[in-house]
Structure formats: C-alpha cells, structure tokens
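**Q** Got a file for you: query29.txt, compact mmCIF, C-alpha atoms and all ligand atoms.
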```
# COMPACT_ATOMS: atom_id res chain seq x y z
CA MET A 11 1.04 -33.69 -23.12
CA SER A 12 -0.10 -30.15 -23.75
CA ILE A 13 0.81 -27.34 -21.43
CA SER A 14 -2.30 -25.33 -20.85
CA LYS A 15 -1.22 -23.08 -18.04
CA ARG A 16 1.91 -20.97 -17.67
CA ILE A 17 3.28 -20.53 -14.18
CA TYR A 18 5.47 -17.53 -13.44
CA LEU A 19 8.19 -18.20 -10.88
CA ASP A 20 10.53 -15.25 -11.40
CA ASN A 21 9.29 -12.47 -9.15
CA ALA A 22 12.90 -11.60 -8.35
CA ALA A 23 13.25 -10.45 -11.96
CA THR A 24 10.00 -8.55 -12.06
CA THR A 25 6.42 -8.75 -10.82
CA TYR A 26 3.08 -8.08 -12.50
CA VAL A 27 1.43 -4.77 -11.67
CA SER A 28 -1.22 -5.53 -9.08
CA GLY A 29 -4.85 -4.48 -9.58
CA GLU A 30 -4.55 -2.34 -6.49
CA VAL A 31 -1.65 -0.39 -7.99
CA VAL A 32 -3.45 0.01 -11.32
CA GLN A 33 -6.53 1.30 -9.50
CA ALA A 34 -4.47 3.75 -7.45
CA MET A 35 -2.68 5.03 -10.55
CA MET A 36 -5.66 5.28 -12.93
CA PRO A 37 -6.79 8.76 -11.89
CA TYR A 38 -3.36 10.12 -12.74
CA PHE A 39 -3.64 8.88 -16.31
CA THR A 40 -7.16 10.24 -16.77
CA THR A 41 -8.71 12.96 -14.63
CA GLU A 42 -5.82 14.01 -12.35
CA PHE A 43 -3.23 14.48 -15.05
CA GLY A 44 -1.78 17.84 -13.94
CA ASN A 45 1.89 18.73 -13.81
CA PRO A 46 2.81 18.83 -10.10
CA SER A 47 4.87 21.96 -10.72
CA SER A 48 1.87 23.88 -12.11
CA ILE A 49 0.25 26.30 -9.71
CA HIS A 50 -3.33 25.78 -10.93
CA ALA A 51 -5.78 23.31 -9.37
CA PHE A 52 -4.78 20.40 -11.66
CA GLY A 53 -1.14 20.90 -10.69
CA ARG A 54 -1.94 21.18 -7.00
CA GLU A 55 -3.87 17.88 -7.07
CA ALA A 56 -0.92 16.14 -8.74
CA GLU A 57 1.50 17.72 -6.26
CA LYS A 58 -0.65 16.43 -3.39
CA ALA A 59 -0.55 12.90 -4.83
CA LEU A 60 3.21 13.11 -5.25
CA ALA A 61 3.61 14.26 -1.66
CA MET A 62 1.48 11.36 -0.52
CA ALA A 63 3.55 8.85 -2.52
CA ARG A 64 6.70 10.30 -0.99
CA THR A 65 5.26 9.97 2.49
CA GLN A 66 4.23 6.34 1.90
CA ILE A 67 7.65 5.34 0.59
CA ALA A 68 9.43 7.25 3.36
CA LYS A 69 7.29 5.50 5.97
CA ALA A 70 8.27 2.06 4.66
CA ILE A 71 11.94 2.69 5.41
CA ASN A 72 11.66 5.30 8.19
CA ALA A 73 13.07 8.08 6.03
CA ASP A 74 11.95 11.68 5.79
CA PRO A 75 9.64 12.35 2.79
CA SER A 76 12.01 15.12 1.64
CA GLU A 77 14.72 12.45 1.18
CA ILE A 78 12.76 10.50 -1.48
CA TYR A 79 13.70 11.04 -5.14
CA PHE A 80 11.90 9.38 -8.02
CA THR A 81 13.94 7.66 -10.73
CA SER A 82 13.05 5.23 -13.51
CA GLY A 83 14.24 2.35 -11.34
CA ALA A 84 17.14 0.99 -9.32
CA THR A 85 19.66 1.05 -12.19
CA GLU A 86 19.27 4.80 -12.46
CA ALA A 87 19.24 5.24 -8.68
CA ASN A 88 22.46 3.20 -8.32
CA ASN A 89 24.15 5.20 -11.07
CA TRP A 90 22.97 8.44 -9.58
CA ILE A 91 24.32 7.83 -6.09
CA LEU A 92 27.69 6.31 -7.02
CA ARG A 93 28.42 8.81 -9.77
CA GLY A 94 27.07 11.71 -7.71
CA VAL A 95 29.18 10.95 -4.65
CA LEU A 96 32.38 10.22 -6.60
CA ALA A 97 31.99 13.34 -8.72
CA THR A 98 31.53 15.64 -5.74
CA SER A 99 33.87 14.05 -3.17
CA LYS A 100 37.58 14.78 -2.99
CA ILE A 101 38.10 11.05 -2.49
CA LYS A 102 37.87 9.32 -5.85
CA ARG A 103 37.54 5.79 -4.48
CA ALA A 104 34.51 3.53 -3.93
CA LEU A 105 34.16 0.18 -2.22
CA VAL A 106 31.50 -2.26 -3.43
CA SER A 107 30.82 -5.92 -2.75
CA ARG A 108 31.79 -8.50 -5.36
CA ILE A 109 28.20 -9.72 -5.65
CA GLU A 110 26.45 -6.48 -6.49
CA HIS A 111 23.82 -6.42 -9.24
CA PRO A 112 25.15 -5.76 -12.76
CA SER A 113 23.72 -2.24 -12.55
CA ILE A 114 26.53 -1.57 -10.05
CA ILE A 115 29.25 -3.97 -11.31
CA GLU A 116 28.98 -2.69 -14.90
CA LEU A 117 28.89 0.88 -13.69
CA CYS A 118 32.06 0.25 -11.66
CA LYS A 119 33.85 -1.03 -14.76
CA LYS A 120 32.92 2.21 -16.51
CA LEU A 121 33.97 4.31 -13.52
CA THR A 122 37.34 2.53 -13.52
CA GLU A 123 37.79 3.43 -17.20
CA GLU A 124 36.99 7.02 -16.26
CA GLY A 125 39.81 7.05 -13.73
CA TYR A 126 38.05 6.31 -10.45
CA LYS A 127 39.44 3.67 -8.11
CA ILE A 128 36.97 0.91 -7.33
CA ASP A 129 37.77 -1.88 -4.88
CA TYR A 130 35.67 -4.97 -4.33
CA ILE A 131 34.85 -6.50 -0.94
CA ASP A 132 35.12 -10.31 -0.80
CA VAL A 133 32.23 -12.51 0.28
CA ASP A 134 32.22 -16.02 1.75
CA GLN A 135 30.68 -19.09 0.10
CA ASP A 136 27.20 -18.01 1.22
CA GLY A 137 27.64 -14.53 -0.20
CA ILE A 138 28.11 -12.86 3.19
CA ILE A 139 30.48 -9.88 3.27
CA SER A 140 33.90 -10.69 4.72
CA VAL A 141 34.23 -8.24 7.59
CA SER A 142 38.01 -8.70 7.78
CA ASP A 143 38.39 -7.93 4.06
CA MET A 144 36.13 -4.90 4.42
CA ILE A 145 38.15 -3.60 7.39
CA SER A 146 41.43 -4.03 5.52
CA LYS A 147 40.05 -2.28 2.40
CA LEU A 148 38.73 0.56 4.53
CA ALA A 149 42.25 1.28 5.74
CA LYS A 150 42.46 3.61 2.73
CA PRO A 151 39.74 6.29 2.52
CA ALA A 152 36.66 5.62 0.36
CA ALA A 153 34.04 8.21 -0.57
CA ILE A 154 31.27 5.64 -0.69
CA VAL A 155 30.66 2.02 0.30
CA SER A 156 27.89 0.18 -1.53
CA VAL A 157 26.64 -3.21 -0.34
CA MET A 158 23.30 -4.66 -1.43
CA THR A 159 20.75 -5.59 1.26
CA ALA A 160 19.71 -8.86 -0.42
CA ASN A 161 21.22 -10.57 -3.43
CA ASN A 162 19.16 -10.98 -6.60
CA GLU A 163 20.58 -14.42 -7.55
CA VAL A 164 21.07 -16.34 -4.30
CA GLY A 165 19.00 -14.30 -1.86
CA THR A 166 21.77 -13.73 0.68
CA ILE A 167 20.77 -11.06 3.22
CA GLN A 168 23.69 -9.06 4.58
CA PHE A 169 24.28 -8.05 8.20
CA LEU A 170 23.70 -4.49 7.13
CA ASN A 171 24.10 -2.91 10.57
CA THR A 172 27.67 -4.22 10.81
CA VAL A 173 28.57 -3.20 7.27
CA ALA A 174 27.03 0.27 7.65
CA ASN A 175 28.77 0.83 11.00
CA LEU A 176 32.16 -0.06 9.54
CA ALA A 177 31.65 2.29 6.58
CA LYS A 178 30.43 5.15 8.77
CA GLU A 179 33.27 4.73 11.28
CA ARG A 180 35.71 5.33 8.39
CA GLY A 181 33.79 8.42 7.22
CA ALA A 182 32.37 6.88 4.01
CA ILE A 183 28.85 7.39 2.73
CA PHE A 184 26.93 4.14 3.02
CA HIS A 185 24.64 3.08 0.17
CA THR A 186 22.59 -0.09 -0.10
CA ASP A 187 20.72 -1.48 -3.08
CA ALA A 188 17.55 -2.74 -1.39
CA THR A 189 15.73 -3.60 -4.62
CA GLN A 190 15.37 -7.29 -3.68
CA ALA A 191 14.81 -6.64 0.01
CA ILE A 192 12.02 -4.13 0.28
CA GLY A 193 8.84 -5.71 1.55
CA SER A 194 10.68 -8.79 2.84
CA VAL A 195 13.50 -7.42 5.00
CA PHE A 196 13.02 -4.92 7.83
CA ILE A 197 14.70 -1.65 6.90
CA ASP A 198 15.02 1.44 9.06
CA VAL A 199 17.42 3.86 7.40
CA LYS A 200 17.89 5.90 10.56
CA GLU A 201 18.52 3.02 12.92
CA MET A 202 20.70 1.19 10.38
CA LYS A 203 22.74 4.29 9.48
CA ILE A 204 21.94 4.02 5.77
CA ASP A 205 22.75 7.24 3.92
CA ALA A 206 21.31 6.23 0.55
CA LEU A 207 19.09 3.36 -0.56
CA SER A 208 17.85 2.27 -4.01
CA LEU A 209 14.42 0.78 -4.68
CA SER A 210 12.47 -0.26 -7.73
CA ALA A 211 8.68 -0.38 -8.15
CA HIS A 212 8.57 -3.26 -10.62
CA LYS A 213 9.88 -5.77 -8.06
CA ILE A 214 7.02 -5.03 -5.72
CA TYR A 215 3.93 -5.12 -7.96
CA GLY A 216 4.39 -1.61 -9.30
CA PRO A 217 5.07 -0.52 -12.87
CA LYS A 218 8.39 -0.81 -14.60
CA GLY A 219 9.98 2.40 -14.92
CA ARG A 220 7.52 1.77 -4.87
CA ILE A 221 4.60 -0.79 -1.24
CA ARG A 222 3.00 -3.88 -1.26
CA GLU A 223 0.16 -4.71 1.05
CA ASN A 224 -0.19 -8.25 2.29
CA LYS A 225 -3.54 -9.24 0.81
CA ASN A 226 -3.69 -12.32 3.04
CA MET A 227 -4.79 -10.05 5.84
CA TYR A 228 -8.23 -9.62 4.21
CA ASN A 229 -11.17 -12.00 4.01
CA GLU A 230 -12.37 -13.16 0.58
CA LYS A 231 -15.34 -10.79 0.58
CA VAL A 232 -13.13 -7.72 0.96
CA ILE A 233 -10.89 -8.87 -1.89
CA GLU A 234 -13.90 -9.64 -4.06
CA ILE A 235 -15.47 -6.20 -3.44
CA PHE A 236 -12.10 -4.52 -4.06
CA LYS A 237 -11.60 -6.34 -7.36
CA ASN A 238 -15.12 -5.80 -8.65
CA SER A 239 -16.09 -2.53 -7.04
CA LYS A 240 -19.40 -1.49 -8.60
CA ASN A 241 -19.41 2.15 -7.64
CA ALA A 242 -15.99 3.35 -8.73
CA GLY A 243 -16.18 6.60 -10.70
CA MET A 244 -17.57 10.10 -10.51
CA ILE A 245 -21.01 11.68 -10.91
CA ALA A 246 -21.07 14.61 -13.27
CA GLY A 247 -23.08 17.39 -11.63
CA ALA A 248 -23.14 15.61 -8.27
CA SER A 249 -25.42 17.12 -5.62
CA GLY A 250 -22.69 16.69 -3.02
CA ILE A 251 -19.07 15.56 -2.87
CA GLY A 252 -17.46 14.36 0.36
CA LYS A 253 -13.69 14.28 0.40
CA VAL A 254 -11.82 12.96 3.42
CA GLY A 255 -8.31 11.72 4.04
CA ASN A 256 -6.09 10.11 6.60
CA VAL A 257 -2.62 11.63 6.58
CA LYS A 258 -1.09 8.72 8.50
CA CYS A 259 -2.01 5.98 6.03
CA GLY A 260 -2.29 8.17 2.93
CA ASP A 261 -5.88 7.08 2.08
CA ILE A 262 -7.99 9.67 0.27
CA MET A 263 -11.68 9.02 -0.31
CA LYS A 264 -14.20 10.96 -2.34
CA ILE A 265 -17.91 10.07 -2.37
CA TYR A 266 -20.19 11.69 -4.97
CA ILE A 267 -23.94 11.69 -4.33
CA LYS A 268 -26.92 12.54 -6.52
CA VAL A 269 -29.95 13.58 -4.46
CA ASN A 270 -33.51 14.04 -5.80
CA GLU A 271 -36.16 16.55 -4.71
CA LYS A 272 -37.40 14.08 -2.06
CA GLN A 273 -33.96 14.16 -0.47
CA VAL A 274 -33.32 10.57 -1.59
CA ILE A 275 -29.83 9.58 -2.75
CA THR A 276 -30.45 8.18 -6.21
CA ASP A 277 -26.81 7.47 -7.03
CA ALA A 278 -23.47 7.29 -5.23
CA LYS A 279 -20.00 6.81 -6.66
CA PHE A 280 -16.48 7.02 -5.29
CA LYS A 281 -12.89 7.78 -6.14
CA THR A 282 -10.50 6.41 -3.56
CA PHE A 283 -6.74 6.54 -3.49
CA GLY A 284 -5.56 4.01 -0.97
CA CYS A 285 -5.35 0.40 0.10
CA VAL A 286 -7.63 -2.58 -0.55
CA SER A 287 -9.79 -1.90 2.51
CA ALA A 288 -10.10 1.82 1.72
CA ILE A 289 -11.47 1.01 -1.74
CA ALA A 290 -13.74 -1.78 -0.51
CA SER A 291 -15.05 0.38 2.37
CA THR A 292 -16.02 3.21 0.04
CA ASP A 293 -17.66 0.80 -2.38
CA VAL A 294 -19.95 -0.72 0.25
CA ALA A 295 -20.63 2.72 1.73
CA CYS A 296 -21.94 3.84 -1.68
CA ASP A 297 -24.13 0.72 -1.89
CA MET A 298 -25.51 1.37 1.57
CA ILE A 299 -26.58 4.96 0.98
CA LYS A 300 -28.15 4.48 -2.45
CA GLY A 301 -31.95 4.67 -2.20
CA LYS A 302 -31.80 6.17 1.31
CA THR A 303 -32.81 9.70 2.34
CA ILE A 304 -29.90 11.89 3.36
CA ASP A 305 -31.01 11.65 7.01
CA ALA A 306 -31.01 7.84 6.79
CA ALA A 307 -27.59 7.91 5.05
CA LEU A 308 -26.19 9.80 8.01
CA LYS A 309 -27.15 6.88 10.21
CA VAL A 310 -24.74 4.55 8.36
CA THR A 311 -21.85 3.90 10.73
CA ASN A 312 -18.39 2.48 10.31
CA LYS A 313 -19.66 -0.64 12.09
CA ASP A 314 -22.22 -1.09 9.26
CA VAL A 315 -19.35 -0.78 6.76
CA ILE A 316 -17.32 -3.41 8.60
CA ASP A 317 -20.34 -5.75 8.73
CA ALA A 318 -20.97 -5.30 5.00
CA LEU A 319 -17.36 -6.30 4.37
CA GLY A 320 -17.62 -9.36 6.57
CA GLY A 321 -15.02 -7.85 8.92
CA LEU A 322 -11.79 -5.87 8.62
CA PRO A 323 -8.42 -6.47 10.24
CA ALA A 324 -7.85 -4.25 13.31
CA VAL A 325 -5.17 -2.21 11.54
CA LYS A 326 -7.66 -1.33 8.78
CA ILE A 327 -10.65 -0.23 10.87
CA HIS A 328 -9.73 3.38 10.14
CA CYS A 329 -10.83 2.80 6.51
CA SER A 330 -14.39 2.11 7.66
CA VAL A 331 -14.28 5.26 9.81
CA LEU A 332 -13.09 7.24 6.80
CA ALA A 333 -15.95 5.81 4.70
CA GLN A 334 -18.47 6.99 7.32
CA GLU A 335 -16.81 10.41 7.36
CA ALA A 336 -16.92 10.55 3.54
CA ILE A 337 -20.71 9.98 3.63
CA GLU A 338 -21.09 12.73 6.25
CA ALA A 339 -18.91 15.08 4.20
CA ALA A 340 -20.92 14.41 1.02
CA VAL A 341 -24.21 15.14 2.84
CA LYS A 342 -22.70 18.28 4.38
CA ASP A 343 -21.59 19.44 0.95
CA TYR A 344 -25.06 18.74 -0.46
CA ARG A 345 -26.69 20.75 2.36
CA LYS A 346 -24.28 23.62 1.82
CA HIS A 347 -25.33 23.82 -1.84
CA GLN A 348 -28.99 23.59 -0.88
CA ASN A 349 -28.69 26.45 1.63
CA LYS A 350 -26.82 28.56 -0.90
CA ALA A 351 -29.51 27.90 -3.51
CA LYS A 352 -32.25 28.87 -1.02
CA LYS A 353 -30.52 32.14 -0.24
CA ASN A 354 -30.22 33.07 -3.95
C1 LIG B 1 19.47 -6.02 -6.70
C2 LIG B 1 19.02 -5.29 -7.94
N1 LIG B 1 19.47 -4.05 -8.16
C3 LIG B 1 19.09 -3.35 -9.24
C4 LIG B 1 18.23 -3.87 -10.17
C5 LIG B 1 17.82 -3.05 -11.36
O1 LIG B 1 16.52 -2.56 -11.16
P1 LIG B 1 15.73 -1.79 -12.31
O2 LIG B 1 15.23 -2.82 -13.24
O3 LIG B 1 14.63 -1.06 -11.59
O4 LIG B 1 16.66 -0.82 -12.95
C6 LIG B 1 17.72 -5.15 -9.98
C7 LIG B 1 16.81 -5.75 -10.96
O5 LIG B 1 16.95 -6.84 -11.42
C8 LIG B 1 18.12 -5.88 -8.83
O6 LIG B 1 17.67 -7.13 -8.58
```
Just give me the structure as structure tokens.
**A**
Amino acid sequence: MSISKRIYLDNAATTYVSGEVVQAMMPYFTTEFGNPSSIHAFGREAEKALAMARTQIAKAINADPSEIYFTSGATEANNWILRGVLATSKIKRALVSRIEHPSIIELCKKLTEEGYKIDYIDVDQDGIISVSDMISKLAKPAAIVSVMTANNEVGTIQFLNTVANLAKERGAIFHTDATQAIGSVFIDVKEMKIDALSLSAHKIYGPKGRIRENKNMYNEKVIEIFKNSKNAGMIAGASGIGKVGNVKCGDIMKIYIKVNEKQVITDAKFKTFGCVSAIASTDVACDMIKGKTIDAALKVTNKDVIDALGGLPAVKIHCSVLAQEAIEAAVKDYRKHQNKAKKN
C-alpha cells in the first residue's frame, strides 16, 4: 500500500502559517519595510502597523496595548518574565507547577544552579493544580508564581482564577504560559488577575519566531475570493488613492484607481491589512468599480459588496462599509488632484 497523502495532526507542536497571515505580513517584507523607530514616512508606516498589532493582541486578552512586548516566542517570554522578576525582587524564590513546559522546567533547573529557590506545585492525576499543596507552599514568600493555562501534552486546563487569586493574596506576581490556550480558552487578564502572560505566534497559524479568525464563519465564496483575490496590489501613478481604516477591528484598506479622460475607472487595485472579509470586500469592490465612471462608482454601496460576496456574517458587515468608504475616498482623492491640476 502506498501512502500518497500526509496528514498533519500535531498542531499543539506548531501550525502552518495561514494564507491570511502571509497576506497580512507581505507588505512588511516588500513595500512597508521601514524601521518603526525611524521618524521618516517609511518608519511611521511601520510604527502604525506595530501599534495595530499591539492593539489586536491586547484586545484578545483584554490587556492594554502598552503592556504587549514582542519576543521570538514563548520560550523567550517565559525566560524573560521569570528571570526578570527574580533578578529585581528581594524575594529570590519562585513557585511553578510540576507540569510546566520544558521552557520553564529547564529554566528552573538553571535558576536553581544560579542560587534561586524554586519550588514545584503538585498536580493530581488529571494534571490539575493541588490547591492544598499550593497554599502550603505559599506559606513562605514567593516573588512569582507561574502556572500554565493549558498543558501542551495532556491538554489540562487549570482553574486559573483560583490559582491567580491564591498567588495574588500572598503578594506574588502571577504569570501564566498561555501558549496552548490562546484562541481556545477565554482569557481576560484583568478579570483573571494575570500579571504576565506568554504567547507564541507559531501555535496559532503565525510564523515561528500572535490571532486566529474562525474561517468557518464565512461562506465558500468569501473564502474563495480571499484566497484568489484578483486585484491585490498597487497602481503606480494612480489617479486616486483611498485609504480608510477601522480602529476597533484594526482593518486598513487602500484602493488605487486609474481614471481616463472620460472619467472612467480603467483599473482598480487594493492593499488591505485585515481579516478575510476585509480582503474579500476590497477585492470585489475593485471588480465592481472597474469600467464604471467615477459617478457610477460612487453609487456602489456596502450592500452591493455584501451581495457580491454572497453574504457576510453580521460581525463582519463593517468590512463592506469600509470597502464603500475606500471607493469614496479614492474618488475624493482623484477629484482633489483634478481640481489642483485645473488651478495650475
Ligand atoms: C506550553 C508551551 N509553552 C512554551 C512553548 C515554547 O514556545 P516557543 O516555541 O514559541 O518558544 C511551547 C511550545 O511547544 C508550549 O507548548
């Protein structure tokens, strides 16, 4: 028997990078390559993208964007927080669960060699933290308590509220490694009293080196248009560029139009940073305005966009509204250039 197809069943170890993520990242490898610390336009664009990424990650866990730090992955994040807290606290003791990921267990062995005191909290046969053991080990002060949200081998999900409350009551910083939990387990860092949390992009369809959208919410047409968008790109020397954004969801759309002397849109392209529906909405919007006069293009509504997509889920209607606004902005930009040219 020959095996013709390989099936990957180890998403807990790592996931592939989804097309959506690749599409969102592409501009930052090509045209938007600035250093976010640079003060020129390239830098400012990159800084804007970084701010948006921070906001999106923060939103997923109800954190403040200023609390998000980028690392190469969870191993680095785990090292950073445990080492950072122990180095700066007067208390040189940490408490971690016995079933932490090797990135914590191996680190703890090293920290022990370096003279720190590490104690391990017992778990029961299902991998659930023993509250009585935790309470007894918290009798002595600990600078930090680290308990993972979900286990990478057996999938046990901890009662994090209880664990965090116990740690906080004893004055310890509470850290959780949520690498296996994000996207599957509800996390609200404020409500759950989590002081520090580690994440890793490569477990959630990002690159090795942070939010996955549930594609099941879309119909097949939307997915098809997203995957094979015909109008992605830019138009060099565009007659008008419409850029719009939605701060809440982080979508940014740019529509480029080429207009001839008869005021007909001869070409339309887009660059969209956002979700599946944002990309699909801009693609169909470009299709719909090509060959139309600018006045006719202005008559394209978000309802037309939704119809062309065969429908959008209620939570994604705003993408169609943005697409309509991007058309309007591109036409406005074109008219502005025309009026300027007339005046000169
Ligand atoms: C629970 C947990 N923590 C940390 C890590 C390490 O993540 P990274 O590969 O991003 O360093 C993993 C990855 O296997 C994990 O499952």
**Q** Could the residues of chain A that have an atom at most 9 Å from ligand LIG 1 (chain B) be listed as a Markdown table, each with its closest atom pair and the distance in Å to one decimal, counting all atoms listed in the file and ordered by chain and ascending residue number?
**A**
```
| residue | atom | partner | partner_atom | distance |
| --- | --- | --- | --- | --- |
| A:Ala22 | CA | B:LIG1 | O6 | 6.5 |
| A:Ala23 | CA | B:LIG1 | O5 | 5.2 |
| A:Thr24 | CA | B:LIG1 | O5 | 7.2 |
| A:Thr81 | CA | B:LIG1 | O3 | 8.8 |
| A:Ser82 | CA | B:LIG1 | O3 | 6.8 |
| A:Gly83 | CA | B:LIG1 | O3 | 3.4 |
| A:Ala84 | CA | B:LIG1 | O3 | 4.0 |
| A:Thr85 | CA | B:LIG1 | O4 | 3.6 |
| A:Glu86 | CA | B:LIG1 | O4 | 6.2 |
| A:Ala87 | CA | B:LIG1 | O4 | 7.8 |
| A:Asn88 | CA | B:LIG1 | C3 | 7.4 |
| A:Glu110 | CA | B:LIG1 | C1 | 7.0 |
| A:His111 | CA | B:LIG1 | C1 | 5.1 |
| A:Pro112 | CA | B:LIG1 | C3 | 7.4 |
| A:Ser113 | CA | B:LIG1 | C3 | 5.8 |
| A:Ile114 | CA | B:LIG1 | C3 | 7.7 |
| A:Met158 | CA | B:LIG1 | C1 | 6.7 |
| A:Thr159 | CA | B:LIG1 | C1 | 8.1 |
| A:Ala160 | CA | B:LIG1 | C1 | 6.9 |
| A:Asn161 | CA | B:LIG1 | C1 | 5.9 |
| A:Asn162 | CA | B:LIG1 | O6 | 4.6 |
| A:Glu163 | CA | B:LIG1 | O6 | 7.9 |
| A:Asp187 | CA | B:LIG1 | N1 | 5.8 |
| A:Ala188 | CA | B:LIG1 | C1 | 6.5 |
| A:Thr189 | CA | B:LIG1 | C1 | 4.9 |
| A:Gln190 | CA | B:LIG1 | C1 | 5.2 |
| A:Ala191 | CA | B:LIG1 | C1 | 8.2 |
| A:Ser208 | CA | B:LIG1 | N1 | 7.7 |
| A:Leu209 | CA | B:LIG1 | O3 | 7.2 |
| A:Ser210 | CA | B:LIG1 | O3 | 4.5 |
| A:Ala211 | CA | B:LIG1 | O3 | 6.9 |
| A:His212 | CA | B:LIG1 | O3 | 6.5 |
| A:Lys213 | CA | B:LIG1 | C7 | 7.5 |
| A:Lys218 | CA | B:LIG1 | O3 | 6.9 |
| A:Gly219 | CA | B:LIG1 | O3 | 6.7 |
```
**Q** If we count only C-alpha atoms and set the cut-off at 10 Å, which residues sit around A:Val141, ignoring sequence neighbours fewer than 2 positions away in its own chain? Please answer as an NGL selection string.
**A** :A and (131-134 or 138-139 or 143-147 or 169 or 172-173 or 176)
**Q** Residues near A:Asn241, anyone? I mean within 6 Å using all atoms listed in the file, not counting same-chain ones fewer than 2 positions away, as a PDB file with C-alpha atoms, in the coordinates of the input.
**A**
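To be explicit, this is the file written out as out36.pdb:
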```pdb
ATOM      1  CA  SER A 239     -16.090  -2.530  -7.040  1.00  0.00           C
ATOM      2  CA  LYS A 279     -20.000   6.810  -6.660  1.00  0.00           C
ATOM      3  CA  ASP A 293     -17.660   0.800  -2.380  1.00  0.00           C
TER       4      ASP A 293
END
```
**Q** Please, what distance in Å, to one decimal, runs between atom CA of A:Gly125 and atom CA of A:Val106?
**A**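 These atoms are spaced 16.2 Å apart.
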**Q** Please provide as a PDB file with C-alpha atoms, in the coordinates of the input all residues within 10 Å of stretch 261-270 of chain A, with the sequence filter that same-chain residues fewer than 4 positions apart are discarded (counting only C-alpha atoms).
**A**
```pdb
ATOM      1  CA  ALA A  59      -0.550  12.900  -4.830  1.00  0.00           C
ATOM      2  CA  MET A  62       1.480  11.360  -0.520  1.00  0.00           C
ATOM      3  CA  ASN A 241     -19.410   2.150  -7.640  1.00  0.00           C
ATOM      4  CA  ALA A 242     -15.990   3.350  -8.730  1.00  0.00           C
ATOM      5  CA  GLY A 243     -16.180   6.600 -10.700  1.00  0.00           C
ATOM      6  CA  MET A 244     -17.570  10.100 -10.510  1.00  0.00           C
ATOM      7  CA  ILE A 245     -21.010  11.680 -10.910  1.00  0.00           C
ATOM      8  CA  ALA A 246     -21.070  14.610 -13.270  1.00  0.00           C
ATOM      9  CA  GLY A 247     -23.080  17.390 -11.630  1.00  0.00           C
ATOM     10  CA  ALA A 248     -23.140  15.610  -8.270  1.00  0.00           C
ATOM     11  CA  SER A 249     -25.420  17.120  -5.620  1.00  0.00           C
ATOM     12  CA  GLY A 250     -22.690  16.690  -3.020  1.00  0.00           C
ATOM     13  CA  ILE A 251     -19.070  15.560  -2.870  1.00  0.00           C
ATOM     14  CA  GLY A 252     -17.460  14.360   0.360  1.00  0.00           C
ATOM     15  CA  LYS A 253     -13.690  14.280   0.400  1.00  0.00           C
ATOM     16  CA  VAL A 254     -11.820  12.960   3.420  1.00  0.00           C
ATOM     17  CA  GLY A 255      -8.310  11.720   4.040  1.00  0.00           C
ATOM     18  CA  ASN A 256      -6.090  10.110   6.600  1.00  0.00           C
ATOM     19  CA  VAL A 257      -2.620  11.630   6.580  1.00  0.00           C
ATOM     20  CA  VAL A 274     -33.320  10.570  -1.590  1.00  0.00           C
ATOM     21  CA  ILE A 275     -29.830   9.580  -2.750  1.00  0.00           C
ATOM     22  CA  THR A 276     -30.450   8.180  -6.210  1.00  0.00           C
ATOM     23  CA  ASP A 277     -26.810   7.470  -7.030  1.00  0.00           C
ATOM     24  CA  ALA A 278     -23.470   7.290  -5.230  1.00  0.00           C
ATOM     25  CA  LYS A 279     -20.000   6.810  -6.660  1.00  0.00           C
ATOM     26  CA  PHE A 280     -16.480   7.020  -5.290  1.00  0.00           C
ATOM     27  CA  LYS A 281     -12.890   7.780  -6.140  1.00  0.00           C
ATOM     28  CA  THR A 282     -10.500   6.410  -3.560  1.00  0.00           C
ATOM     29  CA  PHE A 283      -6.740   6.540  -3.490  1.00  0.00           C
ATOM     30  CA  GLY A 284      -5.560   4.010  -0.970  1.00  0.00           C
ATOM     31  CA  CYS A 285      -5.350   0.400   0.100  1.00  0.00           C
ATOM     32  CA  SER A 287      -9.790  -1.900   2.510  1.00  0.00           C
ATOM     33  CA  ALA A 288     -10.100   1.820   1.720  1.00  0.00           C
ATOM     34  CA  ILE A 289     -11.470   1.010  -1.740  1.00  0.00           C
ATOM     35  CA  SER A 291     -15.050   0.380   2.370  1.00  0.00           C
ATOM     36  CA  THR A 292     -16.020   3.210   0.040  1.00  0.00           C
ATOM     37  CA  ASP A 293     -17.660   0.800  -2.380  1.00  0.00           C
ATOM     38  CA  ALA A 295     -20.630   2.720   1.730  1.00  0.00           C
ATOM     39  CA  CYS A 296     -21.940   3.840  -1.680  1.00  0.00           C
ATOM     40  CA  ILE A 299     -26.580   4.960   0.980  1.00  0.00           C
ATOM     41  CA  LYS A 300     -28.150   4.480  -2.450  1.00  0.00           C
ATOM     42  CA  GLY A 301     -31.950   4.670  -2.200  1.00  0.00           C
ATOM     43  CA  LYS A 302     -31.800   6.170   1.310  1.00  0.00           C
ATOM     44  CA  THR A 303     -32.810   9.700   2.340  1.00  0.00           C
ATOM     45  CA  ILE A 304     -29.900  11.890   3.360  1.00  0.00           C
ATOM     46  CA  HIS A 328      -9.730   3.380  10.140  1.00  0.00           C
ATOM     47  CA  CYS A 329     -10.830   2.800   6.510  1.00  0.00           C
ATOM     48  CA  LEU A 332     -13.090   7.240   6.800  1.00  0.00           C
ATOM     49  CA  ALA A 333     -15.950   5.810   4.700  1.00  0.00           C
ATOM     50  CA  GLU A 335     -16.810  10.410   7.360  1.00  0.00           C
ATOM     51  CA  ALA A 336     -16.920  10.550   3.540  1.00  0.00           C
ATOM     52  CA  ILE A 337     -20.710   9.980   3.630  1.00  0.00           C
ATOM     53  CA  GLU A 338     -21.090  12.730   6.250  1.00  0.00           C
ATOM     54  CA  ALA A 339     -18.910  15.080   4.200  1.00  0.00           C
ATOM     55  CA  ALA A 340     -20.920  14.410   1.020  1.00  0.00           C
ATOM     56  CA  VAL A 341     -24.210  15.140   2.840  1.00  0.00           C
ATOM     57  CA  ASP A 343     -21.590  19.440   0.950  1.00  0.00           C
ATOM     58  CA  TYR A 344     -25.060  18.740  -0.460  1.00  0.00           C
TER      59      TYR A 344
END
```
**Q** Applying 10 Å and only C-alpha atoms, which residues near A:Gly321 remain after dropping the ones on its own chain fewer than 4 positions away? List them as number ranges by chain.
**A** A: 228-229, 231-232, 313-317, 326-327
**Q** Tell me which of A:Lys309, A:Lys178, A:Arg54, A:Arg108 sits closest to A:Glu42, counting only C-alpha atoms.
**A** A:Arg54
**Q** Quick one: residues within 12 Å of A:Glu230, all atoms listed in the file counted, chain neighbours fewer than 5 positions away excluded, as an MDAnalysis selection string?
**A** chainID A and resid 225 235:237 286:287 290 319:322
**Q** Quote the spacing between atom CA of A:Ala152 and atom CA of A:Gly181 in Å to one decimal place.
**A** 7.9 Å
**Q** For A:Ala149, which residue among A:Val95, A:Ala73, A:Leu19, A:Leu105 is the nearest when counting all atoms listed in the file?
**A** A:Leu105
**Q** Smallest atom-to-atom distance to A:Ile67: which of A:Ile167, A:Ile192, A:Ile91, A:Val310, using all atoms listed in the file?
**A**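 Closest residue, counting all atoms listed in the file: A:Ile192.
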**Q** Report, in Å with one decimal, the straight-line distance from atom CA of A:Ile233 to atom CA of A:Ala318.
**A** 12.7 Å
